[in-house]
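Down below is the structure, laid out as structure tokens.
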2 protein chains.
Amino acid sequence: MHATIMYGPGEVRYERVADPSIEKPTDAIIKLSASCICGSDLWPYRGLSPQDGPAHMGHEYCGVVVAVGSEVKTVKPGQFVVGSFCLSDNTCPHCRFGFQSSCVQREFMTGAQAPYARVPLADGTLVATTEMPDADMIPHLLATSDVLGTGWYAADAAQVREGGTVVVVGDGAVGLMGVLSASQMGAERIIIMSRHADRQKLAREFGATHIVEERGDEGVARIMDMTEGVGAESVLECVGMDESMRQAIGVCRPGGTIGYVGVPHGVTFDGQKLFFWQRRMLGGPAPVRRFLPDLMDRVLKGAIQPGKVFDLVLPLAQVAEGYKAMDERRAIKTLLRVDE
Amino acid sequence: MHATIMYGPGEVRYERVADPSIEKPTDAIIKLSASCICGSDLWPYRGLSPQDGPAHMGHEYCGVVVAVGSEVKTVKPGQFVVGSFCLSDNTCPHCRFGFQSSCVQREFMTGAQAPYARVPLADGTLVATTEMPDADMIPHLLATSDVLGTGWYAADAAQVREGGTVVVVGDGAVGLMGVLSASQMGAERIIIMSRHADRQKLAREFGATHIVEERGDEGVARIMDMTEGVGAESVLECVGMDESMRQAIGVCRPGGTIGYVGVPHGVTFDGQKLFFWQRRMLGGPAPVRRFLPDLMDRVLKGAIQPGKVFDLVLPLAQVAEGYKAMDERRAIKTLLRVDE
């Protein structure tokens, strides 16, 4: 088959590779119903994360099981499944504690920007639907795999509550999913920091009640004004840069909580400042597996349509253009159609 | 009167000063029933916190109100009161959110290592008892003012739960109070890192179930062994040094929580490491006022005896020796008797 390989910054190719096969008895092979490009794929694309040689790209996936290893018990060929970008056994103490992204056997999914992919730890990782979903459900189900699951975790980590005030820093795909998540959790005021008209529109659709276009100190001052000088009790940091983290801290009230899901790049904290700021903080790779059954259920019931976050659809073979469009901010998030 | 003045590192004098007086209509003057020396007083004593000129020392206090300003409504002369080291109005949004230590009017108490002290924001800060407590209750009530309140906040911030596993890093007075607090909150396993026999004994008395004498990586490894490689879900960091913070992070399970109350000195965090560690963290000056009525109630009912943490009692005039004994680790915590 052909698959997506990144050779280095800006160098994404769709080229012939070996078909994936069962390597361990706990593996499954799936035929992808669709794939997509993650904001985190842009870090190496932009040369901001070091990379050791060519890498098979893609970690967001849903599709139909075509083969399973001898030890796989909970999924079988023919079933439609969604999995998380974090592969987990779902039985270890960390998984049972709801932190599957820190599973003792954790691996990170790769190679899903392809028509077929190998999913290690299939039993712990994959969640099957009872029926084959309609084609129009695919983008929404695909979104649960990472981008929605990560936004949901940000809101969960930030302890979003019914009736609460929430600030979302970052209007990328994850930030927009953070808005949707906070809305589903019953937040009353959802303020997103965004300066792009198309993203603002989508944010409103997902439940944002206020938009703040200012950034930095100005943005913080604006939100402090809107919250009577108090700040928000829940802040979702969905970028991972120093400036965005400062904004998150600046708009969070003392005793409030910051859920941060943008992988920090060039962010450091002074312990004493952190102490006196007195904000609760929880970050990390999202334990999507914890939320997956619930999120898939919300999608299948039609309660949420997270797939709206895909504003560019390309055939898989044009994956390089998908990266380019996201890098140049022409697209929020690219869905890759698997046509064969 | 005489009071305690720190002139610089190692230079504590008990000398004549002006009597405190009502300066603002929201002030109260109290006659102290006892005072004490805080671990945080040792930072400037050791030259580890910069100091601007001579400072009136002491921020832990309980005693009898002798005068109040014209606007004070909730306490009156003759009443026995306890207050927090953080002065707060207890009405602002941060106070109502339970974070009185971030009150919009916050001040830090000073001048309480003296027979009389001025307490600003008396209405918001002071909690009165219904009756005059017996003399033997004074050390326990005094402890609620800061050291117990801070240990309690560490346990609260670390989300200690009934039946949970807790690690306390630091066997100073606050760490010992953290043990007592975790025990009161129903933790099943309370592991304290301690290498001093006298402190270990007190820790056991306060509810510690396990003692770990090893430090650093060795200490972390020991606790990981004791917790089947999982770590604790709640960790109380009660020191504030780089090594102790590393230990706290090292023994906390992913998704677990670190409550840190030792003011960090020389501690910095790399954002990306913090992200992948995936520990929830909350620190800050303790909002003791939130807990004070409950803690005073527990003391007065005889449920807890936090005053046992005072292992050296000196007359106030010998305050300099009290500092020295704590600095040299001959005492865990010094109670200063007010005799006049």
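Every chain in the structure tokens takes a letter, A first, then B, and so on in the order presented; its residues are numbered from 1, and the ligands are numbered from 1 following the presented order.
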Would you kindly report the residues of chain A within 10 Å of chain B, using only C-alpha atoms, as an MDAnalysis selection string?
chainID A and resid 92:95 97:104 157 228:231 233 240:242 245 253:287
Overlay target chain A, mobile chain B, all C-alpha paired in order, as an mmCIF file with C-alpha atoms, in the first residue's frame:
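File superposed-v9.cif, as written:
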data_model
loop_
_atom_site.group_PDB
_atom_site.id
_atom_site.type_symbol
_atom_site.label_atom_id
_atom_site.label_comp_id
_atom_site.auth_asym_id
_atom_site.auth_seq_id
_atom_site.Cartn_x
_atom_site.Cartn_y
_atom_site.Cartn_z
ATOM 1 C CA MET B 1 0.028 -0.008 0.003
ATOM 2 C CA HIS B 2 0.967 3.681 0.071
ATOM 3 C CA ALA B 3 1.339 5.577 3.319
ATOM 4 C CA THR B 4 2.445 8.928 4.699
ATOM 5 C CA ILE B 5 6.108 9.341 5.597
ATOM 6 C CA MET B 6 7.686 12.498 6.986
ATOM 7 C CA TYR B 7 11.327 12.773 5.998
ATOM 8 C CA GLY B 8 11.991 16.022 7.787
ATOM 9 C CA PRO B 9 10.591 19.511 8.234
ATOM 10 C CA GLY B 10 8.171 20.301 5.413
ATOM 11 C CA GLU B 11 8.860 16.967 3.698
ATOM 12 C CA VAL B 12 5.789 14.763 3.670
ATOM 13 C CA ARG B 13 5.510 12.039 1.042
ATOM 14 C CA TYR B 14 2.804 9.545 0.211
ATOM 15 C CA GLU B 15 4.729 6.520 -0.951
ATOM 16 C CA ARG B 16 4.812 2.770 -1.208
ATOM 17 C CA VAL B 17 5.448 0.894 2.024
ATOM 18 C CA ALA B 18 5.007 -2.670 3.230
ATOM 19 C CA ASP B 19 1.436 -3.585 4.156
ATOM 20 C CA PRO B 20 0.960 -3.668 7.914
ATOM 21 C CA SER B 21 0.723 -7.124 9.439
ATOM 22 C CA ILE B 22 0.083 -8.727 12.792
ATOM 23 C CA GLU B 23 3.405 -8.526 14.637
ATOM 24 C CA LYS B 24 2.220 -9.419 18.116
ATOM 25 C CA PRO B 25 -0.694 -11.596 19.214
ATOM 26 C CA THR B 26 -2.300 -8.490 20.770
ATOM 27 C CA ASP B 27 -2.347 -6.532 17.474
ATOM 28 C CA ALA B 28 -5.234 -5.769 15.172
ATOM 29 C CA ILE B 29 -5.138 -4.540 11.588
ATOM 30 C CA ILE B 30 -7.797 -2.048 10.591
ATOM 31 C CA LYS B 31 -8.901 -0.687 7.245
ATOM 32 C CA LEU B 32 -9.273 3.021 7.888
ATOM 33 C CA SER B 33 -12.608 4.674 7.128
ATOM 34 C CA ALA B 34 -10.857 8.026 7.220
ATOM 35 C CA SER B 35 -7.735 9.582 8.675
ATOM 36 C CA CYS B 36 -6.635 13.106 9.444
ATOM 37 C CA ILE B 37 -3.766 15.409 10.316
ATOM 38 C CA CYS B 38 -3.179 16.504 13.900
ATOM 39 C CA GLY B 39 -1.932 19.880 15.097
ATOM 40 C CA SER B 40 0.857 17.957 16.812
ATOM 41 C CA ASP B 41 1.997 16.637 13.418
ATOM 42 C CA LEU B 42 2.926 20.231 12.645
ATOM 43 C CA TRP B 43 5.594 20.343 15.362
ATOM 44 C CA PRO B 44 8.028 18.118 13.401
ATOM 45 C CA TYR B 45 6.719 19.527 10.112
ATOM 46 C CA ARG B 46 7.832 22.950 11.297
ATOM 47 C CA GLY B 47 11.104 21.625 12.624
ATOM 48 C CA LEU B 48 10.085 22.402 16.215
ATOM 49 C CA SER B 49 10.353 18.802 17.424
ATOM 50 C CA PRO B 50 13.455 16.778 16.705
ATOM 51 C CA GLN B 51 12.906 13.721 14.554
ATOM 52 C CA ASP B 52 15.026 10.583 14.120
ATOM 53 C CA GLY B 53 14.854 9.738 10.453
ATOM 54 C CA PRO B 54 11.737 9.138 8.340
ATOM 55 C CA ALA B 55 8.545 8.606 10.349
ATOM 56 C CA HIS B 56 5.259 6.903 9.550
ATOM 57 C CA MET B 57 2.703 9.578 10.325
ATOM 58 C CA GLY B 58 -0.849 9.502 11.623
ATOM 59 C CA HIS B 59 -2.339 8.631 14.988
ATOM 60 C CA GLU B 60 -6.050 9.482 14.659
ATOM 61 C CA TYR B 61 -8.092 6.670 13.255
ATOM 62 C CA CYS B 62 -11.318 4.763 12.947
ATOM 63 C CA GLY B 63 -12.224 1.927 10.643
ATOM 64 C CA VAL B 64 -13.079 -1.706 10.223
ATOM 65 C CA VAL B 65 -11.092 -4.537 11.751
ATOM 66 C CA VAL B 66 -9.665 -6.841 9.081
ATOM 67 C CA ALA B 67 -7.425 -9.087 11.167
ATOM 68 C CA VAL B 68 -6.602 -9.723 14.801
ATOM 69 C CA GLY B 69 -3.786 -11.475 16.636
ATOM 70 C CA SER B 70 -4.357 -14.730 18.472
ATOM 71 C CA GLU B 71 -4.779 -13.082 21.878
ATOM 72 C CA VAL B 72 -7.277 -10.414 20.871
ATOM 73 C CA LYS B 73 -10.628 -11.060 22.526
ATOM 74 C CA THR B 74 -12.795 -7.945 22.496
ATOM 75 C CA VAL B 75 -12.814 -7.000 18.808
ATOM 76 C CA LYS B 76 -13.112 -9.118 15.679
ATOM 77 C CA PRO B 77 -12.883 -8.699 11.926
ATOM 78 C CA GLY B 78 -15.840 -6.840 10.468
ATOM 79 C CA GLN B 79 -16.386 -4.586 13.460
ATOM 80 C CA PHE B 80 -16.163 -0.808 13.236
ATOM 81 C CA VAL B 81 -13.784 0.577 15.837
ATOM 82 C CA VAL B 82 -12.285 3.795 17.127
ATOM 83 C CA GLY B 83 -9.047 3.941 19.104
ATOM 84 C CA SER B 84 -7.015 6.557 20.898
ATOM 85 C CA PHE B 85 -3.668 7.961 19.800
ATOM 86 C CA CYS B 86 -2.345 6.461 23.051
ATOM 87 C CA LEU B 87 -2.287 2.695 22.905
ATOM 88 C CA SER B 88 -3.053 1.167 26.263
ATOM 89 C CA ASP B 89 -3.855 -2.200 27.804
ATOM 90 C CA ASN B 90 -6.740 -0.702 29.807
ATOM 91 C CA THR B 91 -6.042 -3.111 32.653
ATOM 92 C CA CYS B 92 -2.950 -1.751 34.429
ATOM 93 C CA PRO B 93 -3.328 0.405 37.578
ATOM 94 C CA HIS B 94 -2.853 3.652 35.628
ATOM 95 C CA CYS B 95 -5.523 2.655 33.114
ATOM 96 C CA ARG B 96 -7.910 1.668 35.885
ATOM 97 C CA PHE B 97 -7.231 5.060 37.489
ATOM 98 C CA GLY B 98 -8.436 6.667 34.242
ATOM 99 C CA PHE B 99 -5.010 7.643 32.947
ATOM 100 C CA GLN B 100 -4.637 5.285 30.002
ATOM 101 C CA SER B 101 -2.238 7.770 28.425
ATOM 102 C CA SER B 102 0.217 6.753 31.159
ATOM 103 C CA CYS B 103 -0.452 3.016 30.748
ATOM 104 C CA VAL B 104 2.525 0.898 31.812
ATOM 105 C CA GLN B 105 2.502 -0.557 28.298
ATOM 106 C CA ARG B 106 1.808 2.770 26.608
ATOM 107 C CA GLU B 107 2.833 3.246 23.021
ATOM 108 C CA PHE B 108 1.925 6.092 20.712
ATOM 109 C CA MET B 109 -0.001 5.185 17.577
ATOM 110 C CA THR B 110 1.735 5.752 14.258
ATOM 111 C CA GLY B 111 1.081 4.996 10.631
ATOM 112 C CA ALA B 112 -2.609 5.918 10.545
ATOM 113 C CA GLN B 113 -2.344 8.321 7.593
ATOM 114 C CA ALA B 114 -2.694 5.250 5.410
ATOM 115 C CA PRO B 115 -5.438 2.958 4.148
ATOM 116 C CA TYR B 116 -4.513 0.223 6.614
ATOM 117 C CA ALA B 117 -2.881 0.397 10.021
ATOM 118 C CA ARG B 118 -1.639 -1.879 12.734
ATOM 119 C CA VAL B 119 -3.125 -1.164 16.167
ATOM 120 C CA PRO B 120 -1.093 -2.676 19.010
ATOM 121 C CA LEU B 121 -2.828 -3.529 22.308
ATOM 122 C CA ALA B 122 -6.065 -3.861 20.382
ATOM 123 C CA ASP B 123 -8.158 -5.160 23.284
ATOM 124 C CA GLY B 124 -7.327 -2.249 25.530
ATOM 125 C CA THR B 125 -7.262 0.405 22.857
ATOM 126 C CA LEU B 126 -10.162 -0.171 20.481
ATOM 127 C CA VAL B 127 -13.827 0.523 21.154
ATOM 128 C CA ALA B 128 -16.296 -1.135 18.771
ATOM 129 C CA THR B 129 -19.728 0.133 17.783
ATOM 130 C CA THR B 130 -22.658 -2.285 17.825
ATOM 131 C CA GLU B 131 -23.546 -1.455 14.223
ATOM 132 C CA MET B 132 -21.706 -0.230 11.147
ATOM 133 C CA PRO B 133 -22.096 3.559 11.262
ATOM 134 C CA ASP B 134 -23.415 5.574 8.336
ATOM 135 C CA ALA B 135 -20.827 7.306 6.174
ATOM 136 C CA ASP B 136 -21.841 10.739 7.415
ATOM 137 C CA MET B 137 -20.921 9.704 10.952
ATOM 138 C CA ILE B 138 -17.305 8.942 10.040
ATOM 139 C CA PRO B 139 -15.844 12.449 10.470
ATOM 140 C CA HIS B 140 -17.504 12.791 13.872
ATOM 141 C CA LEU B 141 -16.338 9.381 15.043
ATOM 142 C CA LEU B 142 -12.841 10.038 13.725
ATOM 143 C CA ALA B 143 -12.750 13.259 15.758
ATOM 144 C CA THR B 144 -13.323 11.333 19.004
ATOM 145 C CA SER B 145 -10.002 9.501 18.480
ATOM 146 C CA ASP B 146 -7.850 12.442 19.434
ATOM 147 C CA VAL B 147 -8.957 15.996 18.781
ATOM 148 C CA LEU B 148 -12.277 15.781 20.639
ATOM 149 C CA GLY B 149 -10.848 13.427 23.244
ATOM 150 C CA THR B 150 -8.057 15.904 23.885
ATOM 151 C CA GLY B 151 -10.398 18.894 24.096
ATOM 152 C CA TRP B 152 -12.599 16.869 26.431
ATOM 153 C CA TYR B 153 -9.646 16.018 28.631
ATOM 154 C CA ALA B 154 -8.650 19.704 28.724
ATOM 155 C CA ALA B 155 -12.123 20.555 30.011
ATOM 156 C CA ASP B 156 -12.124 17.614 32.419
ATOM 157 C CA ALA B 157 -8.640 18.478 33.714
ATOM 158 C CA ALA B 158 -9.740 22.115 34.075
ATOM 159 C CA GLN B 159 -12.675 20.907 36.200
ATOM 160 C CA VAL B 160 -15.321 22.573 34.057
ATOM 161 C CA ARG B 161 -18.565 22.662 35.997
ATOM 162 C CA GLU B 162 -22.215 23.276 35.267
ATOM 163 C CA GLY B 163 -22.789 27.013 35.301
ATOM 164 C CA GLY B 164 -19.074 27.787 35.359
ATOM 165 C CA THR B 165 -16.940 30.344 33.561
ATOM 166 C CA VAL B 166 -14.414 28.896 31.133
ATOM 167 C CA VAL B 167 -11.658 30.449 29.059
ATOM 168 C CA VAL B 168 -10.237 28.548 26.099
ATOM 169 C CA VAL B 169 -6.794 29.699 24.984
ATOM 170 C CA GLY B 170 -6.214 28.693 21.364
ATOM 171 C CA ASP B 171 -8.651 28.501 18.469
ATOM 172 C CA GLY B 172 -7.044 25.531 16.757
ATOM 173 C CA ALA B 173 -8.949 22.289 16.367
ATOM 174 C CA VAL B 174 -8.281 21.221 19.966
ATOM 175 C CA GLY B 175 -9.352 24.592 21.344
ATOM 176 C CA LEU B 176 -12.579 24.391 19.361
ATOM 177 C CA MET B 177 -13.191 20.908 20.719
ATOM 178 C CA GLY B 178 -12.491 22.307 24.178
ATOM 179 C CA VAL B 179 -15.327 24.767 23.606
ATOM 180 C CA LEU B 180 -17.644 21.941 22.543
ATOM 181 C CA SER B 181 -16.634 19.893 25.585
ATOM 182 C CA ALA B 182 -17.139 22.764 28.036
ATOM 183 C CA SER B 183 -20.513 23.375 26.490
ATOM 184 C CA GLN B 184 -21.486 19.705 26.877
ATOM 185 C CA MET B 185 -20.375 19.889 30.514
ATOM 186 C CA GLY B 186 -22.813 22.740 31.124
ATOM 187 C CA ALA B 187 -20.506 25.749 31.410
ATOM 188 C CA GLU B 188 -22.452 28.994 31.335
ATOM 189 C CA ARG B 189 -19.815 31.377 30.012
ATOM 190 C CA ILE B 190 -17.328 30.069 27.470
ATOM 191 C CA ILE B 191 -14.820 32.668 26.337
ATOM 192 C CA ILE B 192 -12.459 31.739 23.509
ATOM 193 C CA MET B 193 -9.396 33.753 22.566
ATOM 194 C CA SER B 194 -9.521 33.810 18.778
ATOM 195 C CA ARG B 195 -8.699 36.241 16.018
ATOM 196 C CA HIS B 196 -9.765 34.254 12.951
ATOM 197 C CA ALA B 197 -13.298 34.880 11.665
ATOM 198 C CA ASP B 198 -13.832 31.299 10.432
ATOM 199 C CA ARG B 199 -12.719 29.825 13.737
ATOM 200 C CA GLN B 200 -14.829 32.297 15.699
ATOM 201 C CA LYS B 201 -17.881 31.194 13.717
ATOM 202 C CA LEU B 202 -17.196 27.541 14.448
ATOM 203 C CA ALA B 203 -16.507 28.351 18.100
ATOM 204 C CA ARG B 204 -19.937 30.002 18.389
ATOM 205 C CA GLU B 205 -21.481 26.947 16.775
ATOM 206 C CA PHE B 206 -19.759 24.703 19.332
ATOM 207 C CA GLY B 207 -21.033 26.807 22.241
ATOM 208 C CA ALA B 208 -18.683 29.767 22.782
ATOM 209 C CA THR B 209 -20.567 32.656 24.368
ATOM 210 C CA HIS B 210 -17.811 35.269 24.052
ATOM 211 C CA ILE B 211 -14.881 35.889 21.712
ATOM 212 C CA VAL B 212 -11.777 37.829 22.716
ATOM 213 C CA GLU B 213 -9.563 38.912 19.840
ATOM 214 C CA GLU B 214 -6.869 40.615 21.886
ATOM 215 C CA ARG B 215 -3.785 38.650 22.855
ATOM 216 C CA GLY B 216 -1.120 38.797 25.544
ATOM 217 C CA ASP B 217 -1.579 41.303 28.376
ATOM 218 C CA GLU B 218 -4.326 43.043 26.444
ATOM 219 C CA GLY B 219 -6.254 39.799 26.085
ATOM 220 C CA VAL B 220 -5.811 39.017 29.758
ATOM 221 C CA ALA B 221 -7.001 42.507 30.735
ATOM 222 C CA ARG B 222 -10.051 42.132 28.512
ATOM 223 C CA ILE B 223 -11.054 38.851 30.130
ATOM 224 C CA MET B 224 -10.429 40.191 33.624
ATOM 225 C CA ASP B 225 -12.824 43.017 32.750
ATOM 226 C CA MET B 226 -15.420 40.548 31.489
ATOM 227 C CA THR B 227 -15.165 38.549 34.721
ATOM 228 C CA GLU B 228 -15.392 41.528 37.082
ATOM 229 C CA GLY B 229 -11.694 41.307 37.842
ATOM 230 C CA VAL B 230 -11.992 37.738 39.107
ATOM 231 C CA GLY B 231 -10.877 35.503 36.235
ATOM 232 C CA ALA B 232 -12.257 32.146 35.164
ATOM 233 C CA GLU B 233 -12.402 29.063 37.356
ATOM 234 C CA SER B 234 -11.529 26.797 34.426
ATOM 235 C CA VAL B 235 -8.977 27.539 31.726
ATOM 236 C CA LEU B 236 -8.136 25.275 28.799
ATOM 237 C CA GLU B 237 -4.644 25.841 27.427
ATOM 238 C CA CYS B 238 -4.714 24.352 23.930
ATOM 239 C CA VAL B 239 -1.561 25.732 22.315
ATOM 240 C CA GLY B 240 1.607 24.923 24.249
ATOM 241 C CA MET B 241 3.625 28.091 23.750
ATOM 242 C CA ASP B 242 5.018 30.404 26.400
ATOM 243 C CA GLU B 243 2.658 33.226 25.456
ATOM 244 C CA SER B 244 -0.435 31.046 25.535
ATOM 245 C CA MET B 245 0.522 29.554 28.899
ATOM 246 C CA ARG B 246 1.005 33.059 30.314
ATOM 247 C CA GLN B 247 -2.434 34.004 29.059
ATOM 248 C CA ALA B 248 -3.920 30.889 30.624
ATOM 249 C CA ILE B 249 -2.354 31.677 33.984
ATOM 250 C CA GLY B 250 -3.290 35.348 33.673
ATOM 251 C CA VAL B 251 -7.011 34.704 33.190
ATOM 252 C CA CYS B 252 -7.370 31.904 35.757
ATOM 253 C CA ARG B 253 -8.652 32.885 39.178
ATOM 254 C CA PRO B 254 -6.747 31.859 42.310
ATOM 255 C CA GLY B 255 -7.904 28.365 43.190
ATOM 256 C CA GLY B 256 -9.099 27.900 39.618
ATOM 257 C CA THR B 257 -7.795 25.164 37.368
ATOM 258 C CA ILE B 258 -5.814 25.074 34.148
ATOM 259 C CA GLY B 259 -6.083 22.004 31.943
ATOM 260 C CA TYR B 260 -3.201 22.147 29.476
ATOM 261 C CA VAL B 261 -3.113 19.907 26.445
ATOM 262 C CA GLY B 262 -0.887 21.779 24.037
ATOM 263 C CA VAL B 263 2.464 20.001 24.317
ATOM 264 C CA PRO B 264 4.625 22.742 25.880
ATOM 265 C CA HIS B 265 7.409 24.003 23.678
ATOM 266 C CA GLY B 266 9.822 26.434 25.297
ATOM 267 C CA VAL B 267 7.671 26.786 28.412
ATOM 268 C CA THR B 268 9.294 26.913 31.856
ATOM 269 C CA PHE B 269 7.835 27.782 35.226
ATOM 270 C CA ASP B 270 9.405 29.439 38.210
ATOM 271 C CA GLY B 271 8.315 27.415 41.225
ATOM 272 C CA GLN B 272 7.815 30.392 43.509
ATOM 273 C CA LYS B 273 5.677 32.275 40.991
ATOM 274 C CA LEU B 274 3.611 29.157 40.355
ATOM 275 C CA PHE B 275 3.142 28.849 44.115
ATOM 276 C CA PHE B 276 1.867 32.382 44.621
ATOM 277 C CA TRP B 277 -0.321 32.267 41.495
ATOM 278 C CA GLN B 278 -2.150 29.442 43.258
ATOM 279 C CA ARG B 279 -3.683 27.842 40.162
ATOM 280 C CA ARG B 280 -4.413 24.128 40.045
ATOM 281 C CA MET B 281 -2.826 22.580 36.966
ATOM 282 C CA LEU B 282 -3.098 19.293 35.153
ATOM 283 C CA GLY B 283 -1.743 18.557 31.701
ATOM 284 C CA GLY B 284 -0.511 15.643 29.717
ATOM 285 C CA PRO B 285 -1.393 13.487 26.742
ATOM 286 C CA ALA B 286 -5.142 12.966 26.939
ATOM 287 C CA PRO B 287 -6.395 9.633 28.305
ATOM 288 C CA VAL B 288 -8.881 9.526 25.444
ATOM 289 C CA ARG B 289 -9.708 5.877 26.111
ATOM 290 C CA ARG B 290 -11.432 6.918 29.350
ATOM 291 C CA PHE B 291 -13.830 9.146 27.470
ATOM 292 C CA LEU B 292 -14.156 7.210 24.205
ATOM 293 C CA PRO B 293 -17.302 5.133 24.858
ATOM 294 C CA ASP B 294 -19.156 8.214 26.103
ATOM 295 C CA LEU B 295 -17.951 10.417 23.249
ATOM 296 C CA MET B 296 -18.816 7.820 20.599
ATOM 297 C CA ASP B 297 -22.234 7.497 22.189
ATOM 298 C CA ARG B 298 -22.798 11.264 22.054
ATOM 299 C CA VAL B 299 -21.819 11.245 18.384
ATOM 300 C CA LEU B 300 -23.999 8.276 17.460
ATOM 301 C CA LYS B 301 -26.988 9.813 19.260
ATOM 302 C CA GLY B 302 -26.443 12.967 17.240
ATOM 303 C CA ALA B 303 -25.860 15.077 20.348
ATOM 304 C CA ILE B 304 -22.564 16.478 19.046
ATOM 305 C CA GLN B 305 -20.985 16.964 15.633
ATOM 306 C CA PRO B 306 -17.282 17.349 16.336
ATOM 307 C CA GLY B 307 -16.431 16.470 12.724
ATOM 308 C CA LYS B 308 -17.371 20.018 11.771
ATOM 309 C CA VAL B 309 -13.849 20.873 12.825
ATOM 310 C CA PHE B 310 -12.615 19.368 9.539
ATOM 311 C CA ASP B 311 -12.754 22.262 7.117
ATOM 312 C CA LEU B 312 -10.622 20.661 4.440
ATOM 313 C CA VAL B 313 -11.189 17.220 2.950
ATOM 314 C CA LEU B 314 -8.564 15.690 0.689
ATOM 315 C CA PRO B 315 -7.920 12.253 -0.690
ATOM 316 C CA LEU B 316 -5.205 10.506 1.288
ATOM 317 C CA ALA B 317 -2.811 10.700 -1.675
ATOM 318 C CA GLN B 318 -2.816 14.502 -1.271
ATOM 319 C CA VAL B 319 -1.745 14.361 2.345
ATOM 320 C CA ALA B 320 1.216 16.677 1.665
ATOM 321 C CA GLU B 321 -1.172 19.438 0.623
ATOM 322 C CA GLY B 322 -3.159 18.760 3.810
ATOM 323 C CA TYR B 323 -0.075 19.472 5.921
ATOM 324 C CA LYS B 324 0.720 22.567 3.904
ATOM 325 C CA ALA B 325 -2.789 23.975 4.254
ATOM 326 C CA MET B 326 -2.699 23.523 8.027
ATOM 327 C CA ASP B 327 0.818 24.887 8.312
ATOM 328 C CA GLU B 328 -0.241 27.998 6.403
ATOM 329 C CA ARG B 329 -3.424 28.235 8.457
ATOM 330 C CA ARG B 330 -5.585 27.855 5.378
ATOM 331 C CA ALA B 331 -7.230 24.913 7.126
ATOM 332 C CA ILE B 332 -8.102 24.259 10.753
ATOM 333 C CA LYS B 333 -7.898 20.505 10.339
ATOM 334 C CA THR B 334 -7.618 18.243 7.318
ATOM 335 C CA LEU B 335 -9.627 15.069 6.932
ATOM 336 C CA LEU B 336 -7.991 12.493 4.673
ATOM 337 C CA ARG B 337 -10.417 10.456 2.612
ATOM 338 C CA VAL B 338 -9.546 6.784 2.148
ATOM 339 C CA ASP B 339 -10.958 5.963 -1.238
ATOM 340 C CA GLU B 340 -9.677 2.560 -2.183
#
Write down as a PyMOL selection string the residues of segment 187-321 of chain A whose backbone DSSP state falls under helix (DSSP H, G or I).
chain A and resi 197-206+216-226+242-251+271-277+288-300+306-309+316-321
